[in-house]
file coords.tsv (TSV, C-alpha atoms)
chain	number	residue	atom	x	y	z
A	1245	MET	CA	-13.72	17.37	-2.63
A	1246	ALA	CA	-16.25	17.75	-5.46
A	1247	THR	CA	-15.03	14.43	-6.90
A	1248	GLN	CA	-15.90	12.44	-3.77
A	1249	GLY	CA	-18.08	9.45	-4.62
A	1250	GLN	CA	-17.63	10.07	-8.35
A	1251	VAL	CA	-15.71	8.19	-11.02
A	1252	ILE	CA	-12.60	10.23	-11.88
A	1253	LYS	CA	-11.24	10.32	-15.43
A	1254	CYS	CA	-7.52	10.95	-15.56
A	1255	LYS	CA	-4.30	10.00	-17.34
A	1256	ALA	CA	-2.36	6.83	-16.58
A	1257	ALA	CA	0.52	4.86	-18.08
A	1258	ILE	CA	-0.99	1.48	-18.94
A	1259	ALA	CA	0.99	-1.68	-19.65
A	1260	TRP	CA	-1.30	-3.52	-22.07
A	1261	GLU	CA	1.14	-6.40	-22.56
A	1262	LYS	CA	4.65	-7.40	-21.60
A	1263	LEU	CA	7.69	-6.10	-23.47
A	1264	LYS	CA	5.71	-3.19	-24.95
A	1265	PRO	CA	6.08	0.51	-24.06
A	1266	LEU	CA	3.58	1.95	-21.62
A	1267	SER	CA	0.63	3.75	-23.21
A	1268	ILE	CA	-0.48	7.12	-21.80
A	1269	GLU	CA	-4.27	7.24	-22.00
A	1270	GLU	CA	-7.44	8.06	-20.15
A	1271	VAL	CA	-8.47	5.76	-17.33
A	1272	GLU	CA	-11.58	5.78	-15.17
A	1273	VAL	CA	-10.88	5.45	-11.45
A	1274	ALA	CA	-13.84	4.30	-9.35
A	1275	PRO	CA	-14.49	5.73	-5.87
A	1276	PRO	CA	-12.95	3.96	-2.88
A	1277	GLN	CA	-15.02	1.20	-1.32
A	1278	LYS	CA	-15.10	0.15	2.34
A	1279	GLY	CA	-11.61	0.27	3.85
A	1280	GLU	CA	-10.10	1.94	0.76
A	1281	VAL	CA	-8.41	5.26	-0.01
A	1282	ARG	CA	-8.30	7.18	-3.30
A	1283	ILE	CA	-5.10	9.17	-3.77
A	1284	LYS	CA	-4.14	11.92	-6.18
A	1285	ILE	CA	-0.60	10.88	-7.11
A	1286	LEU	CA	1.76	13.85	-7.54
A	1287	ALA	CA	5.02	12.01	-8.19
A	1288	THR	CA	6.32	8.48	-8.63
A	1289	GLY	CA	9.68	6.79	-8.94
A	1290	VAL	CA	10.43	4.22	-11.64
A	1291	CYS	CA	11.92	1.08	-10.10
A	1292	HIS	CA	13.55	-2.08	-11.46
A	1293	THR	CA	10.61	-4.05	-10.06
A	1294	ASP	CA	8.30	-2.24	-12.49
A	1295	ALA	CA	10.62	-3.27	-15.33
A	1296	TYR	CA	10.86	-6.81	-13.92
A	1297	THR	CA	7.11	-7.21	-14.42
A	1298	LEU	CA	6.94	-5.31	-17.72
A	1299	ASP	CA	9.74	-7.46	-19.14
A	1300	GLY	CA	7.85	-10.66	-18.32
A	1301	HIS	CA	10.01	-11.99	-15.48
A	1302	ASP	CA	7.33	-11.77	-12.78
A	1303	PRO	CA	5.48	-15.04	-12.04
A	1304	GLU	CA	2.52	-12.93	-10.85
A	1305	GLY	CA	2.72	-10.56	-13.82
A	1306	ILE	CA	-0.76	-9.87	-15.18
A	1307	PHE	CA	-1.89	-7.55	-17.98
A	1308	PRO	CA	-3.28	-5.02	-18.73
A	1309	VAL	CA	-1.98	-3.30	-15.62
A	1310	ILE	CA	-1.04	0.09	-14.20
A	1311	LEU	CA	2.45	-0.33	-12.76
A	1312	GLY	CA	4.27	1.86	-10.25
A	1313	HIS	CA	4.88	1.46	-6.51
A	1314	GLU	CA	7.05	4.41	-5.44
A	1315	GLY	CA	4.36	7.06	-5.25
A	1316	GLY	CA	3.60	10.14	-3.22
A	1317	GLY	CA	0.27	11.91	-3.18
A	1318	ILE	CA	-2.65	13.51	-1.38
A	1319	VAL	CA	-5.77	11.72	-0.19
A	1320	GLU	CA	-8.70	12.72	-2.44
A	1321	SER	CA	-11.36	10.70	-0.61
A	1322	VAL	CA	-11.77	7.71	1.69
A	1323	GLY	CA	-14.21	4.82	1.79
A	1324	GLU	CA	-16.42	3.69	4.62
A	1325	GLY	CA	-14.66	2.87	7.87
A	1326	VAL	CA	-11.31	4.48	7.05
A	1327	THR	CA	-9.89	6.23	10.13
A	1328	SER	CA	-6.10	6.40	9.76
A	1329	VAL	CA	-6.09	8.98	6.94
A	1330	LYS	CA	-8.47	11.69	5.75
A	1331	GLU	CA	-8.99	13.91	2.74
A	1332	GLY	CA	-6.00	16.21	2.22
A	1333	ASP	CA	-3.44	14.06	4.05
A	1334	HIS	CA	-0.05	13.60	2.39
A	1335	VAL	CA	0.59	9.90	1.95
A	1336	ILE	CA	2.85	7.23	0.49
A	1337	PRO	CA	1.24	4.01	-0.83
A	1338	LEU	CA	2.86	0.82	0.49
A	1339	TYR	CA	3.48	-2.39	-1.43
A	1340	ILE	CA	3.86	-4.25	1.86
A	1341	PRO	CA	0.75	-3.42	3.90
A	1342	GLN	CA	0.46	-3.43	7.68
A	1343	CYS	CA	-2.90	-4.55	9.04
A	1344	TYR	CA	-1.68	-4.76	12.69
A	1345	ASP	CA	-3.84	-7.86	13.15
A	1346	CYS	CA	-2.39	-10.88	11.29
A	1347	LYS	CA	0.24	-13.17	12.81
A	1348	PHE	CA	2.95	-11.52	10.69
A	1349	CYS	CA	2.09	-8.01	11.88
A	1350	LYS	CA	1.98	-9.21	15.49
A	1351	SER	CA	5.42	-10.79	15.21
A	1352	PRO	CA	8.54	-8.67	15.77
A	1353	LYS	CA	10.42	-11.12	13.54
A	1354	THR	CA	9.04	-9.89	10.20
A	1355	ASN	CA	7.59	-6.91	8.37
A	1356	LEU	CA	5.52	-9.02	6.01
A	1357	CYS	CA	1.72	-8.86	6.25
A	1358	GLY	CA	-0.52	-11.69	5.10
A	1359	ARG	CA	-3.87	-9.96	5.22
A	1360	ILE	CA	-4.34	-8.96	1.55
A	1361	ARG	CA	-1.44	-10.81	-0.04
A	1362	ALA	CA	-3.59	-13.18	-2.13
A	1363	THR	CA	-5.69	-10.50	-3.81
A	1364	GLN	CA	-2.76	-8.09	-4.21
A	1365	GLY	CA	-0.87	-10.78	-6.10
A	1366	LYS	CA	-3.83	-11.18	-8.44
A	1367	GLY	CA	-3.90	-7.48	-9.26
A	1368	VAL	CA	-7.19	-6.67	-7.53
A	1369	MET	CA	-8.47	-4.94	-4.41
A	1370	PRO	CA	-9.25	-7.00	-1.28
A	1371	ASP	CA	-12.86	-7.52	-2.47
A	1372	GLY	CA	-11.55	-9.17	-5.67
A	1373	THR	CA	-12.38	-6.32	-8.06
A	1374	SER	CA	-10.46	-3.51	-9.79
A	1375	ARG	CA	-11.03	0.24	-9.53
A	1376	PHE	CA	-9.51	0.93	-12.97
A	1377	THR	CA	-11.24	0.85	-16.36
A	1378	ALA	CA	-9.83	1.86	-19.76
A	1379	ARG	CA	-11.13	1.24	-23.28
A	1380	GLY	CA	-14.15	-0.34	-21.61
A	1381	GLN	CA	-12.17	-3.11	-19.94
A	1382	LYS	CA	-10.80	-3.85	-16.46
A	1383	ILE	CA	-7.22	-2.81	-15.77
A	1384	PHE	CA	-5.34	-4.61	-13.00
A	1385	HIS	CA	-3.67	-3.03	-9.97
A	1386	PHE	CA	0.05	-3.53	-9.26
A	1387	MET	CA	1.63	-4.32	-5.89
A	1388	GLY	CA	-1.35	-2.71	-4.19
A	1389	CYS	CA	-0.16	0.73	-5.38
A	1390	SER	CA	-0.43	1.50	-9.15
A	1391	SER	CA	1.28	4.87	-8.88
A	1392	PHE	CA	1.61	5.36	-12.66
A	1393	SER	CA	-1.89	6.84	-12.61
A	1394	GLU	CA	-2.87	10.41	-11.69
A	1395	TYR	CA	-5.37	8.85	-9.26
A	1396	THR	CA	-5.18	5.44	-7.64
A	1397	VAL	CA	-7.15	3.44	-5.07
A	1398	VAL	CA	-5.41	1.44	-2.35
A	1399	SER	CA	-6.33	-0.41	0.82
A	1400	GLU	CA	-6.15	1.61	4.03
A	1401	MET	CA	-3.63	-1.01	5.21
A	1402	SER	CA	-1.36	0.11	2.37
A	1403	VAL	CA	-1.13	3.84	3.15
A	1404	ALA	CA	1.34	5.73	5.34
A	1405	LYS	CA	0.47	9.28	6.36
A	1406	VAL	CA	3.59	11.46	6.21
A	1407	SER	CA	4.53	15.03	7.08
A	1408	ASP	CA	2.87	17.57	4.81
A	1409	LYS	CA	6.11	19.56	4.90
A	1410	ALA	CA	8.01	16.79	3.06
A	1411	PRO	CA	8.38	17.18	-0.72
A	1412	LEU	CA	6.40	14.32	-2.25
A	1413	ASP	CA	8.54	14.34	-5.40
A	1414	LYS	CA	11.45	13.22	-3.20
A	1415	VAL	CA	9.97	11.17	-0.35
A	1416	CYS	CA	7.98	9.03	-2.82
A	1417	LEU	CA	11.25	7.12	-3.21
A	1418	LEU	CA	10.98	5.97	0.41
A	1419	GLY	CA	8.11	3.76	-0.79
A	1420	CYS	CA	10.60	1.19	-2.09
A	1421	GLY	CA	14.23	1.37	-3.18
A	1422	ILE	CA	15.93	3.61	-0.62
A	1423	SER	CA	14.06	2.12	2.35
A	1424	THR	CA	14.76	-1.39	1.03
A	1425	GLY	CA	18.53	-1.02	0.91
A	1426	TYR	CA	18.89	1.20	3.97
A	1427	GLY	CA	16.78	-1.16	6.09
A	1428	ALA	CA	18.62	-4.26	4.86
A	1429	ALA	CA	21.77	-2.83	6.45
A	1430	LEU	CA	20.13	-1.54	9.63
A	1431	ASN	CA	17.40	-4.10	10.32
A	1432	THR	CA	18.07	-7.33	8.43
A	1433	ALA	CA	21.86	-7.49	8.81
A	1434	ASN	CA	22.16	-5.12	11.79
A	1435	VAL	CA	25.62	-4.09	10.59
A	1436	GLU	CA	28.08	-3.31	13.39
A	1437	ASP	CA	30.75	-0.68	13.85
A	1438	GLY	CA	34.07	-1.64	12.25
A	1439	SER	CA	32.56	-4.26	9.93
A	1440	ASN	CA	33.82	-5.14	6.46
A	1441	VAL	CA	30.98	-5.26	3.94
A	1442	ALA	CA	30.53	-5.79	0.21
A	1443	VAL	CA	27.60	-4.49	-1.80
A	1444	PHE	CA	26.90	-6.28	-5.09
A	1445	GLY	CA	25.18	-3.89	-7.51
A	1446	LEU	CA	25.50	-0.12	-7.17
A	1447	GLY	CA	22.04	0.93	-8.22
A	1448	ALA	CA	19.70	2.83	-5.92
A	1449	VAL	CA	19.17	-0.13	-3.59
A	1450	GLY	CA	22.88	-0.92	-3.34
A	1451	LEU	CA	23.78	2.69	-2.61
A	1452	ALA	CA	21.08	2.81	0.06
A	1453	VAL	CA	22.71	-0.27	1.61
A	1454	ALA	CA	26.05	1.56	1.59
A	1455	MET	CA	24.38	4.56	3.25
A	1456	GLY	CA	23.10	2.32	6.05
A	1457	CYS	CA	26.46	0.61	6.48
A	1458	LYS	CA	28.21	3.99	6.69
A	1459	GLU	CA	25.72	5.16	9.32
A	1460	ARG	CA	26.52	2.05	11.37
A	1461	GLY	CA	30.26	2.73	11.19
A	1462	ALA	CA	31.35	-0.03	8.81
A	1463	LYS	CA	35.09	0.14	8.13
A	1464	LYS	CA	35.35	-1.18	4.58
A	1465	ILE	CA	32.35	-0.75	2.28
A	1466	ILE	CA	33.30	-2.42	-0.99
A	1467	GLY	CA	31.14	-1.62	-4.01
A	1468	VAL	CA	31.03	-4.50	-6.51
A	1469	ASP	CA	29.84	-3.61	-10.01
A	1470	ILE	CA	30.88	-4.15	-13.63
A	1471	ASN	CA	30.08	-0.50	-14.47
A	1472	GLU	CA	32.98	1.57	-13.17
A	1473	ASP	CA	31.14	4.78	-14.05
A	1474	LYS	CA	29.19	4.21	-10.83
A	1475	PHE	CA	32.22	4.15	-8.55
A	1476	GLU	CA	32.81	7.89	-8.10
A	1477	MET	CA	29.17	8.59	-7.30
A	1478	ALA	CA	29.06	5.66	-4.87
A	1479	LYS	CA	31.65	7.34	-2.65
A	1480	GLN	CA	29.15	9.96	-1.42
A	1481	PHE	CA	26.91	7.16	-0.16
A	1482	GLY	CA	29.68	5.46	1.79
A	1483	CYS	CA	31.56	3.09	-0.54
A	1484	ASN	CA	35.30	3.41	0.05
A	1485	GLU	CA	36.70	0.52	-2.00
A	1486	PHE	CA	35.60	-1.01	-5.30
A	1487	LEU	CA	35.83	-4.22	-7.28
A	1488	ASN	CA	35.00	-4.81	-10.93
A	1489	PRO	CA	34.37	-8.57	-11.33
A	1490	LEU	CA	35.34	-8.37	-15.01
A	1491	LYS	CA	38.85	-7.30	-14.05
A	1492	VAL	CA	39.67	-10.09	-11.61
A	1493	GLU	CA	39.99	-13.82	-12.07
A	1494	ASP	CA	37.89	-14.75	-9.04
A	1495	THR	CA	35.47	-12.31	-7.40
A	1496	VAL	CA	35.13	-14.37	-4.21
A	1497	ALA	CA	38.89	-14.81	-3.75
A	1498	SER	CA	39.47	-11.11	-4.37
A	1499	LEU	CA	36.93	-10.08	-1.72
A	1500	ILE	CA	38.36	-12.57	0.78
A	1501	GLU	CA	41.83	-11.13	0.18
A	1502	MET	CA	40.59	-7.52	0.50
A	1503	THR	CA	38.97	-8.27	3.88
A	1504	ASP	CA	41.49	-10.56	5.60
A	1505	GLY	CA	39.44	-13.73	5.33
A	1506	GLY	CA	36.04	-12.56	4.12
A	1507	CYS	CA	33.33	-9.99	4.62
A	1508	ASP	CA	31.32	-9.70	7.80
A	1509	TYR	CA	28.27	-8.77	5.70
A	1510	THR	CA	27.47	-8.92	2.00
A	1511	PHE	CA	24.39	-7.69	0.16
A	1512	GLU	CA	23.17	-8.89	-3.23
A	1513	CYS	CA	21.21	-6.07	-4.88
A	1514	ILE	CA	21.10	-7.40	-8.46
A	1515	GLY	CA	18.79	-10.40	-8.60
A	1516	ASN	CA	21.36	-12.72	-10.20
A	1517	VAL	CA	21.67	-16.22	-8.72
A	1518	LYS	CA	25.36	-16.38	-9.66
A	1519	THR	CA	26.19	-13.24	-7.70
A	1520	MET	CA	24.02	-14.45	-4.83
A	1521	ARG	CA	26.33	-17.43	-4.50
A	1522	GLN	CA	29.43	-15.26	-4.77
A	1523	ALA	CA	28.09	-12.93	-2.08
A	1524	LEU	CA	27.58	-15.82	0.32
A	1525	GLU	CA	30.95	-17.43	-0.37
A	1526	ALA	CA	32.75	-14.09	0.06
A	1527	CYS	CA	31.53	-14.03	3.68
A	1528	HIS	CA	33.90	-14.67	6.58
A	1529	LYS	CA	33.95	-18.20	7.94
A	1530	GLY	CA	32.26	-18.49	11.33
A	1531	TRP	CA	30.06	-15.41	11.28
A	1532	GLY	CA	29.66	-13.82	7.85
A	1533	GLN	CA	26.10	-12.96	6.79
A	1534	SER	CA	24.84	-12.52	3.23
A	1535	VAL	CA	21.55	-10.75	2.57
A	1536	ILE	CA	19.65	-11.29	-0.68
A	1537	ILE	CA	17.69	-8.21	-1.75
A	1538	GLY	CA	17.63	-8.55	-5.53
A	1539	VAL	CA	14.71	-10.45	-7.04
A	1540	ALA	CA	15.68	-13.19	-9.49
A	1541	ALA	CA	13.57	-14.14	-12.49
A	1542	ALA	CA	10.78	-16.70	-12.09
A	1543	GLY	CA	12.04	-20.26	-11.75
A	1544	GLN	CA	15.60	-19.38	-10.79
A	1545	GLU	CA	17.21	-21.29	-7.91
A	1546	ILE	CA	20.19	-20.57	-5.66
A	1547	SER	CA	22.91	-23.05	-4.79
A	1548	THR	CA	26.06	-23.43	-2.74
A	1549	ARG	CA	27.92	-26.24	-1.00
A	1550	PRO	CA	26.28	-27.02	2.38
A	1551	PHE	CA	29.71	-26.77	3.99
A	1552	GLN	CA	29.56	-22.99	3.46
A	1553	LEU	CA	26.67	-22.86	5.92
A	1554	VAL	CA	27.94	-25.59	8.24
A	1555	THR	CA	31.06	-23.47	8.80
A	1556	GLY	CA	29.04	-20.54	10.08
A	1557	ARG	CA	27.96	-18.41	7.17
A	1558	VAL	CA	24.34	-17.23	7.20
A	1559	TRP	CA	22.15	-16.70	4.13
A	1560	LYS	CA	19.08	-14.53	4.57
A	1561	GLY	CA	16.71	-12.36	2.57
A	1562	SER	CA	15.15	-8.95	3.03
A	1563	ALA	CA	11.92	-7.37	1.76
A	1564	PHE	CA	11.40	-3.61	2.10
A	1565	GLY	CA	14.39	-3.51	4.42
A	1566	GLY	CA	12.51	-5.19	7.25
A	1567	TRP	CA	10.53	-1.99	7.96
A	1568	LYS	CA	6.99	-2.46	9.29
A	1569	SER	CA	5.53	-0.18	6.68
A	1570	ARG	CA	2.84	2.05	8.19
A	1571	ASP	CA	4.86	2.49	11.38
A	1572	SER	CA	8.22	3.09	9.72
A	1573	VAL	CA	7.72	5.12	6.53
A	1574	PRO	CA	6.56	8.26	8.39
A	1575	LYS	CA	9.67	7.98	10.61
A	1576	LEU	CA	11.91	7.55	7.55
A	1577	VAL	CA	10.37	10.69	6.05
A	1578	ASP	CA	11.08	12.55	9.31
A	1579	SER	CA	14.67	11.28	9.26
A	1580	TYR	CA	15.02	12.66	5.73
A	1581	MET	CA	13.59	16.01	6.84
A	1582	ASP	CA	16.12	16.04	9.71
A	1583	GLY	CA	18.98	15.43	7.27
A	1584	LYS	CA	19.77	11.92	8.52
A	1585	VAL	CA	18.69	9.98	5.39
A	1586	MET	CA	19.82	10.91	1.88
A	1587	VAL	CA	17.03	11.04	-0.68
A	1588	ASP	CA	17.62	13.99	-3.04
A	1589	GLU	CA	20.95	12.47	-4.07
A	1590	PHE	CA	19.15	9.44	-5.54
A	1591	VAL	CA	17.12	11.55	-8.00
A	1592	THR	CA	19.05	11.59	-11.28
A	1593	PHE	CA	16.28	12.82	-13.59
A	1594	THR	CA	12.75	14.18	-13.41
A	1595	LYS	CA	10.30	13.61	-16.27
A	1596	PRO	CA	6.65	14.36	-17.04
A	1597	LEU	CA	4.24	11.42	-17.34
A	1598	VAL	CA	4.33	11.56	-21.15
A	1599	GLU	CA	8.05	10.68	-21.01
A	1600	ILE	CA	7.74	7.75	-18.63
A	1601	ASN	CA	9.08	5.27	-21.20
A	1602	GLU	CA	12.29	7.32	-21.36
A	1603	ALA	CA	12.61	6.80	-17.60
A	1604	PHE	CA	12.67	3.05	-18.22
A	1605	ASP	CA	15.29	3.50	-20.96
A	1606	LEU	CA	17.53	5.55	-18.64
A	1607	MET	CA	17.25	2.86	-15.96
A	1608	HIS	CA	18.13	0.05	-18.37
A	1609	GLN	CA	21.10	2.05	-19.66
A	1610	GLY	CA	22.42	2.44	-16.11
A	1611	LYS	CA	22.24	6.23	-16.36
A	1612	ALA	CA	19.68	6.77	-13.63
A	1613	LEU	CA	19.61	5.85	-9.96
A	1614	ARG	CA	16.02	7.02	-9.94
A	1615	THR	CA	13.93	9.03	-12.35
A	1616	VAL	CA	11.01	10.76	-10.67
A	1617	VAL	CA	7.94	11.19	-12.86
A	1618	ASN	CA	5.83	14.23	-12.05
A	1619	MET	CA	2.20	13.36	-12.64

call {"tool": "encode", "arguments": {"input": "coords.tsv", "output": "structure tokens"}}
result
Amino acid sequence: MATQGQVIKCKAAIAWEKLKPLSIEEVEVAPPQKGEVRIKILATGVCHTDAYTLDGHDPEGIFPVILGHEGGGIVESVGEGVTSVKEGDHVIPLYIPQCYDCKFCKSPKTNLCGRIRATQGKGVMPDGTSRFTARGQKIFHFMGCSSFSEYTVVSEMSVAKVSDKAPLDKVCLLGCGISTGYGAALNTANVEDGSNVAVFGLGAVGLAVAMGCKERGAKKIIGVDINEDKFEMAKQFGCNEFLNPLKVEDTVASLIEMTDGGCDYTFECIGNVKTMRQALEACHKGWGQSVIIGVAAAGQEISTRPFQLVTGRVWKGSAFGGWKSRDSVPKLVDSYMDGKVMVDEFVTFTKPLVEINEAFDLMHQGKALRTVVNM
């Protein structure tokens, strides 16, 4: 492309400080350096994790920053040494990289990758610098993605090449929420046929969990949420029973009663330490597993009586659904194209970049599973 090796000026939604609306303004995006890829972002989802940082709950939150981590785009140019993608490839940036070389990547037990974790958490590229400048000052990267910019630069380890037949304004959502919930059911919990499960929080992640549980043949899929407006919609994703904690005396006791002694699997998709405890204690004695997906605010701690674990319940966590990112995201896109994974159904609204703050409002109001922003 004519822009190769040049600084690109484009529009981005910049978070200058916490608890303030994003500002749409011009940003300069430097060319990719060794091992880096510059992507023209065509569409991005707006996720609770973006709001988590913008609202000041993130211990690694750093400003000014370009948020966004559910993007889909086309490779504009690549830096020295990049071999896995080329100009023109359709790609999804990944907030969990896959270097193939660290002890995490070599282990079948995890999908985490330690290679660039330290610099990613500091909002910079692996060489310790940023590719974004606005108003003459450095702007930080976010989760190794920064998809709220028309162009972004990411590490080659953080890019998945996907089918160019897949609509990027849909499959961008496989960069976080849908894959996270769906994989938690399939990979982390490995839900079995005939299981009783409860899903705490019926947002996009919770409904993706339900979708995975339905695929595995779970018998009861109980949606737990205080917003009953979500119940009807949740049925298409697999939920077949519901519980509103505000309408019962004891959430745990109610779930135990509904499942003849407790759930085989529970999933906490809220990020609330109180519901994390309820999810564990609603598990069946002897074998029940509870998976924490929701991210609690900085400094929060979980608690339960040790006897809950001594008597056979298991407490575990899940990040990005356990998927090894560069290997798995292209396969998830193919599964969507084959009609096996629901994605379109998660898109509640589409907005242009200039209305990105409205996308956050819709999410906070519980009106949107996902709003896709067309860049």

call {"tool": "atom_distance", "arguments": {"input": "coords.tsv", "atom1": "CA of Leu1490 (chain A)", "atom2": "CA of Thr1519 (chain A)"}}
result
12.7 Å

call {"tool": "closest_residue", "arguments": {"input": "coords.tsv", "among": "A:Cys1527, A:Ala1454, A:Ile1537, A:Val1443", "to": "Tyr1426 (chain A)", "atoms": "only C-alpha atoms"}}
result
A:Ala1454

call {"tool": "closest_residue", "arguments": {"input": "coords.tsv", "among": "A:Gln1342, A:Asn1471, A:Thr1594, A:Asn1601", "to": "Lys1491 (chain A)", "atoms": "only C-alpha atoms"}}
result
A:Asn1471

call {"tool": "closest_residue", "arguments": {"input": "coords.tsv", "among": "A:Ile1306, A:Leu1417, A:Val1322, A:Leu1263", "to": "Pro1337 (chain A)", "atoms": "only C-alpha atoms"}}
result
A:Leu1417

call {"tool": "atom_distance", "arguments": {"input": "coords.tsv", "atom1": "CA of Phe1386 (chain A)", "atom2": "CA of Ile1310 (chain A)"}}
result
6.2 Å

call {"tool": "residues_around", "arguments": {"input": "coords.tsv", "residues": "Gln1364 (chain A)", "least_positions_apart": "2", "cutoff": "12 Å", "atoms": "all atoms listed in the file", "output": "PyMOL selection string"}}
result
chain A and resi 1304-1306+1338-1341+1357-1362+1366-1374+1384-1390+1398-1399+1401-1402
